[in-house]
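J.: Dumping the structure here so I can ask a few things about it.
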Number of protein chains: 2
Amino acid sequence: MKIIGEKINGTRKLVGKAIAERDAAYIQNLAIKQVEGGAHWLDINAGTPPAREADDLVWLINLAQEAADVPLCLDSANPQALRTAMKEVKQTPMINSISGEPSRLEGVLPIVAEFGCPVIALCMDDKGIPNTADERLDVIRKVFTETRAAGIPDENMYVDPLVMTIGTNTEAGKIIFGTMRLIRSEFPQAHISCGLSNISFGLPVRALINRTFLVLAIEAGMDTAIIDPNDRELQAAIYTTELLLGKDRHCLNYTRAYRANKLEDKKTRFN
Amino acid sequence: MKIIGEKINGTRKLVGKAIAERDAAYIQNLAIKQVEGGAHWLDINAGTPPAREADDLVWLINLAQEAADVPLCLDSANPQALRTAMKEVKQTPMINSISGEPSRLEGVLPIVAEFGCPVIALCMDDKGIPNTADERLDVIRKVFTETRAAGIPDENMYVDPLVMTIGTNTEAGKIIFGTMRLIRSEFPQAHISCGLSNISFGLPVRALINRTFLVLAIEAGMDTAIIDPNDRELQAAIYTTELLLGKDRHCLNYTRAYRANKLEDKKTRFN
């Protein structure tokens, strides 16, 4: 499992405030802590209006790169801001995201192709997010037709099936796990990624739902997640699921995580 | 998910002591607590030598029936003791267990057939427990040939794929989930049951492994588990997994469990 650290996101209240006030220490602390927690990429979302987005992105990128040595995940649908950002990055970033929407394909896909970026591809188009796994596969098939034509290798694709809320549709889990299995089967070289927290929106004990969803999603083929890398229960769920699915030779990662005190927490006692 | 309460088992030290000392209150408390925790059956295992087993079973059965109104699961391979026990039960009990071993088929199967009992069928024979999912299916196929010939309906069968220890074989999880999928596909009317705790033997933070295993096993088709019904984290994992797999209409069981304070525990905080 690879982790995209989700915390540097200007739509989160305290991060938005830090961006507005140019609080560099706050942002750099988020970058350092997420890498310490095991982030393989740092998502960078300015969350600001288009006119300010390029400036804010550049400021965030430079801070994150000063503080941490992992590639970034540029979270923007604004081609202008992305092109400006590409001049600042030290390592090839992931782009978050394209989809079947013509505006994204026209605006963002050329940047992905030109710079050889890994890219998150959302299972939606200009008609919205389809209601069934088969229809989501149809949408993403069309996206692959475009990305392959643009020379983007399937292994650079991180397909996001788009998690909906189980509180409003109890089929939401089945749709996601079904979509993941179809993608894993039809595009075996591609990665599968998603954010978790939508699944539990409006329900109590969200952390329990989120980490149980994570276990089931890994089983269904997810290999990358946009999460808080400092969430110890999510990390413990990842180590344990990989152990149980036979992806942890000699139980080495699990026992190392235990010795590093990552599986137990006095505050959130597991045993 | 149905739960077989595992606690009245004489091989557990304190239960063995209570049986030896005829401590009725201790046993009845275990029965009451497990039913309060949600047990659908109470496993009754005397854990004593054959000569004493029938007497001890009868004593346990009468105590459990006085204290609780759920059917029992008679956990014995001793036909003599089982026949004596059958005279005492008020409701048709489950029998734990038969297997491909000729001695079990000859000794226990006739009792299962005569009394119309649900029965746990282990994926092993006189050569032991096979190493692969395909071989375990082969063994259980032969058991089904015998049970069908004896007139036992498939829906009375509770197949136990036999969980091994992941600490000594990192394929142990894959073998179990694979066996469950094969059984679900070939015997769709049958139930799938197992005990969990072997999976984590010898590894740290066993509760974390056991409850993650439970999530993945439910996904693979398990519908019955032999567990401690008073383990809140296992119960929370069951509610949440059924919610996420679309088996909880309108999220009703999940939200009811929340209101009954079954999903959170101050001692083992989930959120």
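We label chains A, B, ... in the order they appear in the structure tokens, count residues from 1 in each chain, and number ligands from 1 in the order shown.
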Sorted by chain and rising residue number, which residues of chain A lie within 7 Å of chain B, and what are their closest atom pairs and distances in Å to one decimal, counting only C-alpha atoms, as JSON lines?
T.:
{"residue": "A:Gly167", "atom": "CA", "partner": "B:Cys251", "partner_atom": "CA", "distance": 6.8}
{"residue": "A:Thr170", "atom": "CA", "partner": "B:Gly246", "partner_atom": "CA", "distance": 5.3}
{"residue": "A:Glu171", "atom": "CA", "partner": "B:Gly246", "partner_atom": "CA", "distance": 5.2}
{"residue": "A:Gly173", "atom": "CA", "partner": "B:Leu244", "partner_atom": "CA", "distance": 5.0}
{"residue": "A:Lys174", "atom": "CA", "partner": "B:Leu245", "partner_atom": "CA", "distance": 5.7}
{"residue": "A:Val205", "atom": "CA", "partner": "B:Asn271", "partner_atom": "CA", "distance": 6.0}
{"residue": "A:Ala207", "atom": "CA", "partner": "B:Asn271", "partner_atom": "CA", "distance": 5.4}
{"residue": "A:Leu208", "atom": "CA", "partner": "B:Phe270", "partner_atom": "CA", "distance": 6.2}
{"residue": "A:Ile209", "atom": "CA", "partner": "B:Thr240", "partner_atom": "CA", "distance": 6.0}
{"residue": "A:Thr212", "atom": "CA", "partner": "B:Thr241", "partner_atom": "CA", "distance": 6.6}
{"residue": "A:Phe213", "atom": "CA", "partner": "B:Leu244", "partner_atom": "CA", "distance": 6.8}
{"residue": "A:Leu216", "atom": "CA", "partner": "B:Leu216", "partner_atom": "CA", "distance": 6.7}
{"residue": "A:Thr240", "atom": "CA", "partner": "B:Ile209", "partner_atom": "CA", "distance": 6.0}
{"residue": "A:Thr241", "atom": "CA", "partner": "B:Thr212", "partner_atom": "CA", "distance": 6.7}
{"residue": "A:Leu244", "atom": "CA", "partner": "B:Gly173", "partner_atom": "CA", "distance": 5.0}
{"residue": "A:Leu245", "atom": "CA", "partner": "B:Lys174", "partner_atom": "CA", "distance": 5.7}
{"residue": "A:Gly246", "atom": "CA", "partner": "B:Glu171", "partner_atom": "CA", "distance": 5.2}
{"residue": "A:Arg249", "atom": "CA", "partner": "B:Thr170", "partner_atom": "CA", "distance": 6.6}
{"residue": "A:His250", "atom": "CA", "partner": "B:Thr170", "partner_atom": "CA", "distance": 6.6}
{"residue": "A:Cys251", "atom": "CA", "partner": "B:Gly167", "partner_atom": "CA", "distance": 6.8}
{"residue": "A:Thr268", "atom": "CA", "partner": "B:Arg269", "partner_atom": "CA", "distance": 5.3}
{"residue": "A:Arg269", "atom": "CA", "partner": "B:Thr268", "partner_atom": "CA", "distance": 5.3}
{"residue": "A:Phe270", "atom": "CA", "partner": "B:Leu208", "partner_atom": "CA", "distance": 6.2}
{"residue": "A:Asn271", "atom": "CA", "partner": "B:Ala207", "partner_atom": "CA", "distance": 5.4}
J.: Could you dump the residues just selected with N, CA, C and O atoms as a short mmCIF file (atom, residue, chain, number, x, y, z; two decimals), in the first residue's frame?
T.:
data_model
loop_
_atom_site.label_atom_id
_atom_site.label_comp_id
_atom_site.auth_asym_id
_atom_site.auth_seq_id
_atom_site.Cartn_x
_atom_site.Cartn_y
_atom_site.Cartn_z
N GLY A 167 -24.55 6.07 4.16
CA GLY A 167 -25.73 6.53 4.90
C GLY A 167 -26.90 6.89 3.99
O GLY A 167 -28.05 6.83 4.41
N THR A 170 -27.14 2.25 0.83
CA THR A 170 -26.45 1.11 1.47
C THR A 170 -25.74 0.23 0.44
O THR A 170 -25.02 -0.68 0.82
N GLU A 171 -25.93 0.50 -0.85
CA GLU A 171 -25.18 -0.23 -1.88
C GLU A 171 -23.82 0.42 -2.15
O GLU A 171 -23.04 -0.10 -2.96
N GLY A 173 -20.97 0.65 -0.67
CA GLY A 173 -19.79 -0.20 -0.50
C GLY A 173 -19.68 -1.22 -1.61
O GLY A 173 -18.63 -1.35 -2.24
N LYS A 174 -20.78 -1.91 -1.90
CA LYS A 174 -20.76 -2.93 -2.95
C LYS A 174 -20.37 -2.33 -4.31
O LYS A 174 -19.66 -2.95 -5.10
N VAL A 205 -19.53 7.05 14.77
CA VAL A 205 -18.28 6.26 14.89
C VAL A 205 -17.64 6.09 13.51
O VAL A 205 -17.37 4.98 13.04
N ALA A 207 -14.69 6.61 12.36
CA ALA A 207 -13.36 5.98 12.26
C ALA A 207 -13.48 4.46 12.12
O ALA A 207 -12.70 3.82 11.41
N LEU A 208 -14.47 3.88 12.80
CA LEU A 208 -14.71 2.44 12.71
C LEU A 208 -15.12 2.06 11.29
O LEU A 208 -14.63 1.08 10.71
N ILE A 209 -16.02 2.83 10.70
CA ILE A 209 -16.46 2.56 9.33
C ILE A 209 -15.29 2.74 8.36
O ILE A 209 -15.05 1.91 7.48
N THR A 212 -12.70 -0.11 8.58
CA THR A 212 -13.24 -1.38 8.09
C THR A 212 -13.37 -1.32 6.56
O THR A 212 -13.06 -2.29 5.85
N PHE A 213 -13.79 -0.15 6.06
CA PHE A 213 -13.84 0.06 4.61
C PHE A 213 -12.45 -0.15 4.00
O PHE A 213 -12.30 -0.78 2.94
N LEU A 216 -11.60 -3.83 3.53
CA LEU A 216 -12.34 -4.43 2.42
C LEU A 216 -11.87 -3.89 1.07
O LEU A 216 -11.85 -4.61 0.07
N THR A 240 -2.16 -5.04 9.05
CA THR A 240 -2.82 -6.30 9.39
C THR A 240 -3.48 -6.92 8.16
O THR A 240 -3.43 -8.14 7.96
N THR A 241 -4.09 -6.08 7.31
CA THR A 241 -4.74 -6.61 6.11
C THR A 241 -3.70 -7.20 5.16
O THR A 241 -3.90 -8.29 4.61
N LEU A 244 -2.72 -10.55 6.44
CA LEU A 244 -3.72 -11.61 6.27
C LEU A 244 -3.92 -11.98 4.80
O LEU A 244 -4.36 -13.09 4.50
N LEU A 245 -3.60 -11.06 3.88
CA LEU A 245 -3.76 -11.36 2.46
C LEU A 245 -2.49 -11.95 1.87
O LEU A 245 -2.37 -12.09 0.64
N GLY A 246 -1.53 -12.31 2.72
CA GLY A 246 -0.32 -12.99 2.23
C GLY A 246 0.65 -12.06 1.54
O GLY A 246 1.47 -12.49 0.73
N ARG A 249 5.76 -11.03 3.70
CA ARG A 249 6.61 -12.24 3.82
C ARG A 249 7.20 -12.34 5.22
O ARG A 249 7.75 -11.36 5.73
N HIS A 250 7.10 -13.51 5.79
CA HIS A 250 7.62 -13.77 7.15
C HIS A 250 7.02 -12.84 8.20
O HIS A 250 7.61 -12.64 9.25
N CYS A 251 5.87 -12.20 7.90
CA CYS A 251 5.22 -11.28 8.85
C CYS A 251 6.17 -10.15 9.26
O CYS A 251 6.03 -9.57 10.36
N THR A 268 -5.79 4.53 22.27
CA THR A 268 -6.78 3.75 21.52
C THR A 268 -6.34 2.29 21.56
O THR A 268 -5.90 1.73 20.58
N ARG A 269 -6.52 1.70 22.71
CA ARG A 269 -6.00 0.37 23.01
C ARG A 269 -6.63 -0.68 22.11
O ARG A 269 -7.83 -0.75 21.94
N PHE A 270 -5.80 -1.53 21.50
CA PHE A 270 -6.31 -2.54 20.58
C PHE A 270 -6.58 -3.86 21.28
O PHE A 270 -7.36 -4.66 20.81
N ASN A 271 -5.81 -4.16 22.33
CA ASN A 271 -5.90 -5.49 22.92
C ASN A 271 -6.67 -5.50 24.22
O ASN A 271 -6.59 -4.52 24.95
#
J.: Among range 62-235 of chain A, which residues does DSSP mark as strand (DSSP E) when it is run on the backbone? Keep the chain and numbering as in the structure and answer as a ChimeraX atom specification.
T.: /A:72-75,94-98,119-122,157-160,191-195,224-227
J.: All in-order C-alpha pairs, least squares, chain B moved onto chain A. Output the fitted coordinates as a compact mmCIF listing (two decimals) with C-alpha atoms, in the first residue's frame, please.
T.:
# COMPACT_ATOMS: atom_id res chain seq x y z
CA MET B 1 0.01 -0.01 0.01
CA LYS B 2 1.13 3.47 -0.92
CA ILE B 3 -0.20 6.49 0.91
CA ILE B 4 -0.96 9.98 -0.37
CA GLY B 5 -0.93 12.29 2.65
CA GLU B 6 -4.14 14.29 2.54
CA LYS B 7 -3.51 17.03 5.06
CA ILE B 8 -2.10 19.96 3.06
CA ASN B 9 -5.51 20.91 1.72
CA GLY B 10 -6.69 24.51 1.79
CA THR B 11 -10.35 23.46 1.96
CA ARG B 12 -9.59 22.34 5.54
CA LYS B 13 -10.21 25.29 7.81
CA LEU B 14 -6.87 25.54 9.64
CA VAL B 15 -4.88 24.92 6.47
CA GLY B 16 -6.87 27.57 4.61
CA LYS B 17 -6.07 30.00 7.44
CA ALA B 18 -2.36 29.07 7.32
CA ILE B 19 -2.30 29.69 3.55
CA ALA B 20 -4.08 33.05 3.89
CA GLU B 21 -1.70 34.13 6.68
CA ARG B 22 1.40 32.62 5.03
CA ASP B 23 2.08 30.53 8.15
CA ALA B 24 5.01 28.52 6.77
CA ALA B 25 5.75 26.64 10.01
CA TYR B 26 2.23 25.21 10.12
CA ILE B 27 2.47 23.86 6.57
CA GLN B 28 5.99 22.48 7.00
CA ASN B 29 5.00 20.72 10.18
CA LEU B 30 2.18 19.00 8.28
CA ALA B 31 4.67 17.93 5.61
CA ILE B 32 7.23 16.55 8.09
CA LYS B 33 4.66 14.73 10.24
CA GLN B 34 3.00 13.08 7.25
CA VAL B 35 6.29 11.77 5.87
CA GLU B 36 7.22 10.48 9.34
CA GLY B 37 3.82 8.75 9.36
CA GLY B 38 4.63 6.97 6.11
CA ALA B 39 3.31 9.20 3.28
CA HIS B 40 4.72 8.32 -0.17
CA TRP B 41 3.29 11.52 -1.71
CA LEU B 42 2.02 14.74 -0.17
CA ASP B 43 -1.21 16.05 -1.65
CA ILE B 44 -1.04 19.80 -2.23
CA ASN B 45 -4.41 21.51 -2.61
CA ALA B 46 -4.48 25.31 -2.35
CA GLY B 47 -8.25 25.41 -2.10
CA THR B 48 -8.22 29.02 -3.25
CA PRO B 49 -10.01 30.80 -6.16
CA PRO B 50 -8.42 30.38 -9.64
CA ALA B 51 -6.90 33.86 -9.59
CA ARG B 52 -4.85 33.10 -6.47
CA GLU B 53 -4.35 29.36 -6.97
CA ALA B 54 -1.04 29.43 -8.86
CA ASP B 55 0.62 31.71 -6.29
CA ASP B 56 -0.65 29.67 -3.36
CA LEU B 57 0.36 26.37 -5.01
CA VAL B 58 3.90 27.61 -5.63
CA TRP B 59 4.19 28.80 -2.01
CA LEU B 60 2.94 25.40 -0.73
CA ILE B 61 5.17 23.41 -3.10
CA ASN B 62 8.34 25.20 -2.06
CA LEU B 63 7.52 24.80 1.63
CA ALA B 64 6.71 21.11 1.26
CA GLN B 65 9.89 20.45 -0.74
CA GLU B 66 12.03 22.26 1.82
CA ALA B 67 10.56 20.14 4.60
CA ALA B 68 10.20 16.73 3.00
CA ASP B 69 11.85 14.56 0.39
CA VAL B 70 8.82 12.78 -1.13
CA PRO B 71 7.12 13.64 -4.44
CA LEU B 72 4.03 15.83 -4.33
CA CYS B 73 0.52 15.18 -5.60
CA LEU B 74 -0.71 18.39 -7.22
CA ASP B 75 -4.42 18.57 -6.46
CA SER B 76 -5.90 21.00 -8.95
CA ALA B 77 -8.11 21.03 -12.05
CA ASN B 78 -6.68 24.37 -13.17
CA PRO B 79 -4.28 23.85 -16.11
CA GLN B 80 -2.78 27.33 -15.69
CA ALA B 81 -1.95 26.74 -12.03
CA LEU B 82 -0.63 23.24 -12.79
CA ARG B 83 1.70 24.54 -15.54
CA THR B 84 3.08 27.17 -13.18
CA ALA B 85 3.49 24.52 -10.47
CA MET B 86 5.36 22.18 -12.81
CA LYS B 87 8.17 24.74 -12.97
CA GLU B 88 8.70 24.51 -9.21
CA VAL B 89 8.65 20.78 -8.52
CA LYS B 90 11.94 18.96 -7.84
CA GLN B 91 10.52 15.47 -8.45
CA THR B 92 7.90 14.39 -10.99
CA PRO B 93 4.61 14.94 -9.16
CA MET B 94 1.39 12.99 -9.29
CA ILE B 95 -1.51 14.98 -10.73
CA ASN B 96 -4.91 14.87 -8.96
CA SER B 97 -6.89 14.53 -11.23
CA ILE B 98 -8.33 13.77 -14.63
CA SER B 99 -11.72 12.15 -15.35
CA GLY B 100 -14.06 11.56 -18.27
CA GLU B 101 -15.05 15.25 -18.19
CA PRO B 102 -13.95 16.88 -21.45
CA SER B 103 -12.61 19.95 -19.66
CA ARG B 104 -10.24 17.85 -17.56
CA LEU B 105 -9.14 15.74 -20.50
CA GLU B 106 -8.46 18.83 -22.61
CA GLY B 107 -6.86 20.93 -19.87
CA VAL B 108 -4.99 18.49 -17.62
CA LEU B 109 -4.22 15.46 -19.77
CA PRO B 110 -1.62 17.27 -21.96
CA ILE B 111 0.32 18.26 -18.82
CA VAL B 112 0.25 14.68 -17.54
CA ALA B 113 1.51 13.43 -20.90
CA GLU B 114 4.16 16.11 -21.36
CA PHE B 115 5.77 15.62 -17.94
CA GLY B 116 5.22 11.83 -17.59
CA CYS B 117 3.26 12.23 -14.36
CA PRO B 118 1.39 9.53 -12.50
CA VAL B 119 -2.24 10.68 -12.46
CA ILE B 120 -5.43 10.04 -10.50
CA ALA B 121 -8.34 9.27 -12.86
CA LEU B 122 -11.84 9.64 -11.44
CA CYS B 123 -14.68 7.32 -12.52
CA MET B 124 -16.98 10.14 -13.62
CA ASP B 125 -17.72 12.22 -16.70
CA ASP B 126 -19.76 15.30 -17.61
CA LYS B 127 -22.95 13.36 -16.79
CA GLY B 128 -21.76 12.85 -13.21
CA ILE B 129 -20.86 9.75 -11.20
CA PRO B 130 -22.58 6.61 -12.51
CA ASN B 131 -24.67 4.54 -10.09
CA THR B 132 -23.31 1.09 -10.91
CA ALA B 133 -19.91 -0.58 -11.04
CA ASP B 134 -20.42 -1.52 -14.71
CA GLU B 135 -21.18 2.07 -15.68
CA ARG B 136 -18.15 3.36 -13.76
CA LEU B 137 -16.02 0.86 -15.67
CA ASP B 138 -17.53 2.17 -18.93
CA VAL B 139 -16.55 5.72 -18.01
CA ILE B 140 -13.00 4.79 -17.05
CA ARG B 141 -12.60 2.71 -20.22
CA LYS B 142 -13.10 5.89 -22.23
CA VAL B 143 -10.53 7.67 -20.06
CA PHE B 144 -8.01 4.88 -20.73
CA THR B 145 -8.66 5.22 -24.47
CA GLU B 146 -7.61 8.88 -24.16
CA THR B 147 -4.63 8.32 -21.85
CA ARG B 148 -3.27 5.45 -23.94
CA ALA B 149 -3.63 7.59 -27.06
CA ALA B 150 -1.64 10.30 -25.26
CA GLY B 151 1.13 7.77 -24.51
CA ILE B 152 0.50 7.51 -20.78
CA PRO B 153 1.40 3.99 -19.58
CA ASP B 154 -1.33 2.18 -17.62
CA GLU B 155 1.04 1.86 -14.64
CA ASN B 156 0.95 5.65 -14.25
CA MET B 157 -2.84 5.54 -13.84
CA TYR B 158 -4.35 5.67 -10.32
CA VAL B 159 -8.05 4.99 -10.81
CA ASP B 160 -10.36 6.40 -8.13
CA PRO B 161 -13.78 4.68 -8.19
CA LEU B 162 -15.25 7.60 -6.15
CA VAL B 163 -16.58 6.61 -2.77
CA MET B 164 -20.15 7.72 -2.00
CA THR B 165 -21.95 7.84 1.34
CA ILE B 166 -23.33 4.58 2.71
CA GLY B 167 -25.75 6.54 4.90
CA THR B 168 -27.73 7.58 1.83
CA ASN B 169 -27.20 4.41 -0.25
CA THR B 170 -26.46 1.10 1.47
CA GLU B 171 -25.19 -0.23 -1.87
CA ALA B 172 -22.34 2.32 -1.84
CA GLY B 173 -19.80 -0.19 -0.49
CA LYS B 174 -20.77 -2.93 -2.93
CA ILE B 175 -20.55 -0.46 -5.84
CA ILE B 176 -17.02 0.58 -4.84
CA PHE B 177 -15.70 -2.93 -4.19
CA GLY B 178 -17.35 -4.10 -7.44
CA THR B 179 -15.79 -1.24 -9.41
CA MET B 180 -12.37 -2.01 -7.92
CA ARG B 181 -12.62 -5.68 -8.92
CA LEU B 182 -13.63 -4.77 -12.48
CA ILE B 183 -10.75 -2.29 -12.82
CA ARG B 184 -8.23 -4.75 -11.34
CA SER B 185 -9.36 -7.35 -13.85
CA GLU B 186 -9.53 -5.17 -16.98
CA PHE B 187 -6.52 -2.90 -16.27
CA PRO B 188 -4.13 -5.10 -14.27
CA GLN B 189 -1.21 -2.66 -14.69
CA ALA B 190 -3.16 0.29 -13.32
CA HIS B 191 -3.29 1.30 -9.66
CA ILE B 192 -6.47 1.78 -7.66
CA SER B 193 -6.70 4.65 -5.24
CA CYS B 194 -9.36 6.37 -3.22
CA GLY B 195 -10.23 8.61 -0.33
CA LEU B 196 -12.16 6.91 2.46
CA SER B 197 -13.99 9.40 4.54
CA ASN B 198 -17.03 10.01 2.29
CA ILE B 199 -18.19 6.45 2.99
CA SER B 200 -19.05 7.24 6.62
CA PHE B 201 -20.46 10.77 6.23
CA GLY B 202 -23.45 11.37 8.51
CA LEU B 203 -23.04 8.12 10.47
CA PRO B 204 -21.72 7.68 14.02
CA VAL B 205 -18.28 6.26 14.91
CA ARG B 206 -16.90 7.22 11.51
CA ALA B 207 -13.36 5.99 12.27
CA LEU B 208 -14.70 2.45 12.73
CA ILE B 209 -16.46 2.55 9.34
CA ASN B 210 -13.45 4.14 7.60
CA ARG B 211 -10.93 1.59 8.82
CA THR B 212 -13.23 -1.37 8.10
CA PHE B 213 -13.83 0.06 4.63
CA LEU B 214 -10.06 0.26 4.16
CA VAL B 215 -9.65 -3.46 4.94
CA LEU B 216 -12.33 -4.44 2.43
CA ALA B 217 -11.00 -2.03 -0.21
CA ILE B 218 -7.49 -3.49 0.00
CA GLU B 219 -9.01 -6.93 -0.47
CA ALA B 220 -10.90 -5.65 -3.53
CA GLY B 221 -7.67 -4.39 -5.12
CA MET B 222 -6.94 -0.88 -3.81
CA ASP B 223 -3.17 -0.33 -3.58
CA THR B 224 -3.03 3.42 -2.85
CA ALA B 225 -5.08 5.54 -0.47
CA ILE B 226 -5.48 9.25 0.15
CA ILE B 227 -5.55 9.30 3.94
CA ASP B 228 -4.09 10.87 7.03
CA PRO B 229 -0.80 8.96 7.40
CA ASN B 230 -0.74 9.88 11.08
CA ASP B 231 -3.95 7.98 11.79
CA ARG B 232 -2.55 5.02 13.72
CA GLU B 233 -5.67 2.90 13.45
CA LEU B 234 -5.72 3.19 9.65
CA GLN B 235 -2.02 2.31 9.51
CA ALA B 236 -2.58 -0.67 11.81
CA ALA B 237 -5.45 -1.82 9.58
CA ILE B 238 -3.14 -1.64 6.54
CA TYR B 239 -0.35 -3.68 8.16
CA THR B 240 -2.82 -6.28 9.39
CA THR B 241 -4.74 -6.60 6.11
CA GLU B 242 -1.55 -7.05 4.11
CA LEU B 243 -0.43 -9.69 6.63
CA LEU B 244 -3.71 -11.59 6.28
CA LEU B 245 -3.77 -11.35 2.47
CA GLY B 246 -0.33 -12.97 2.23
CA LYS B 247 1.46 -9.76 1.20
CA ASP B 248 3.84 -9.61 4.17
CA ARG B 249 6.61 -12.19 3.81
CA HIS B 250 7.65 -13.73 7.13
CA CYS B 251 5.24 -11.25 8.84
CA LEU B 252 8.17 -8.86 8.74
CA ASN B 253 6.32 -5.57 8.19
CA TYR B 254 3.75 -6.46 10.82
CA THR B 255 6.27 -7.38 13.49
CA ARG B 256 8.45 -4.36 12.63
CA ALA B 257 5.42 -2.09 12.97
CA TYR B 258 4.72 -3.69 16.32
CA ARG B 259 8.27 -3.10 17.54
CA ALA B 260 8.04 0.51 16.34
CA ASN B 261 4.94 0.81 18.54
CA LYS B 262 2.69 1.46 15.53
CA LEU B 263 0.05 -1.19 16.24
CA GLU B 264 -0.87 -0.33 19.79
CA ASP B 265 -1.70 2.98 21.33
CA LYS B 266 -2.35 3.56 24.96
CA LYS B 267 -4.99 6.10 24.00
CA THR B 268 -6.71 3.78 21.53
CA ARG B 269 -5.91 0.40 22.99
CA PHE B 270 -6.22 -2.47 20.53
CA ASN B 271 -5.82 -5.44 22.84
J.: Just asking: which residues within range 30-85 of chain A are alpha helix (DSSP H) according to DSSP, as number ranges by chain?
T.: A: 30-36, 50-67, 79-85
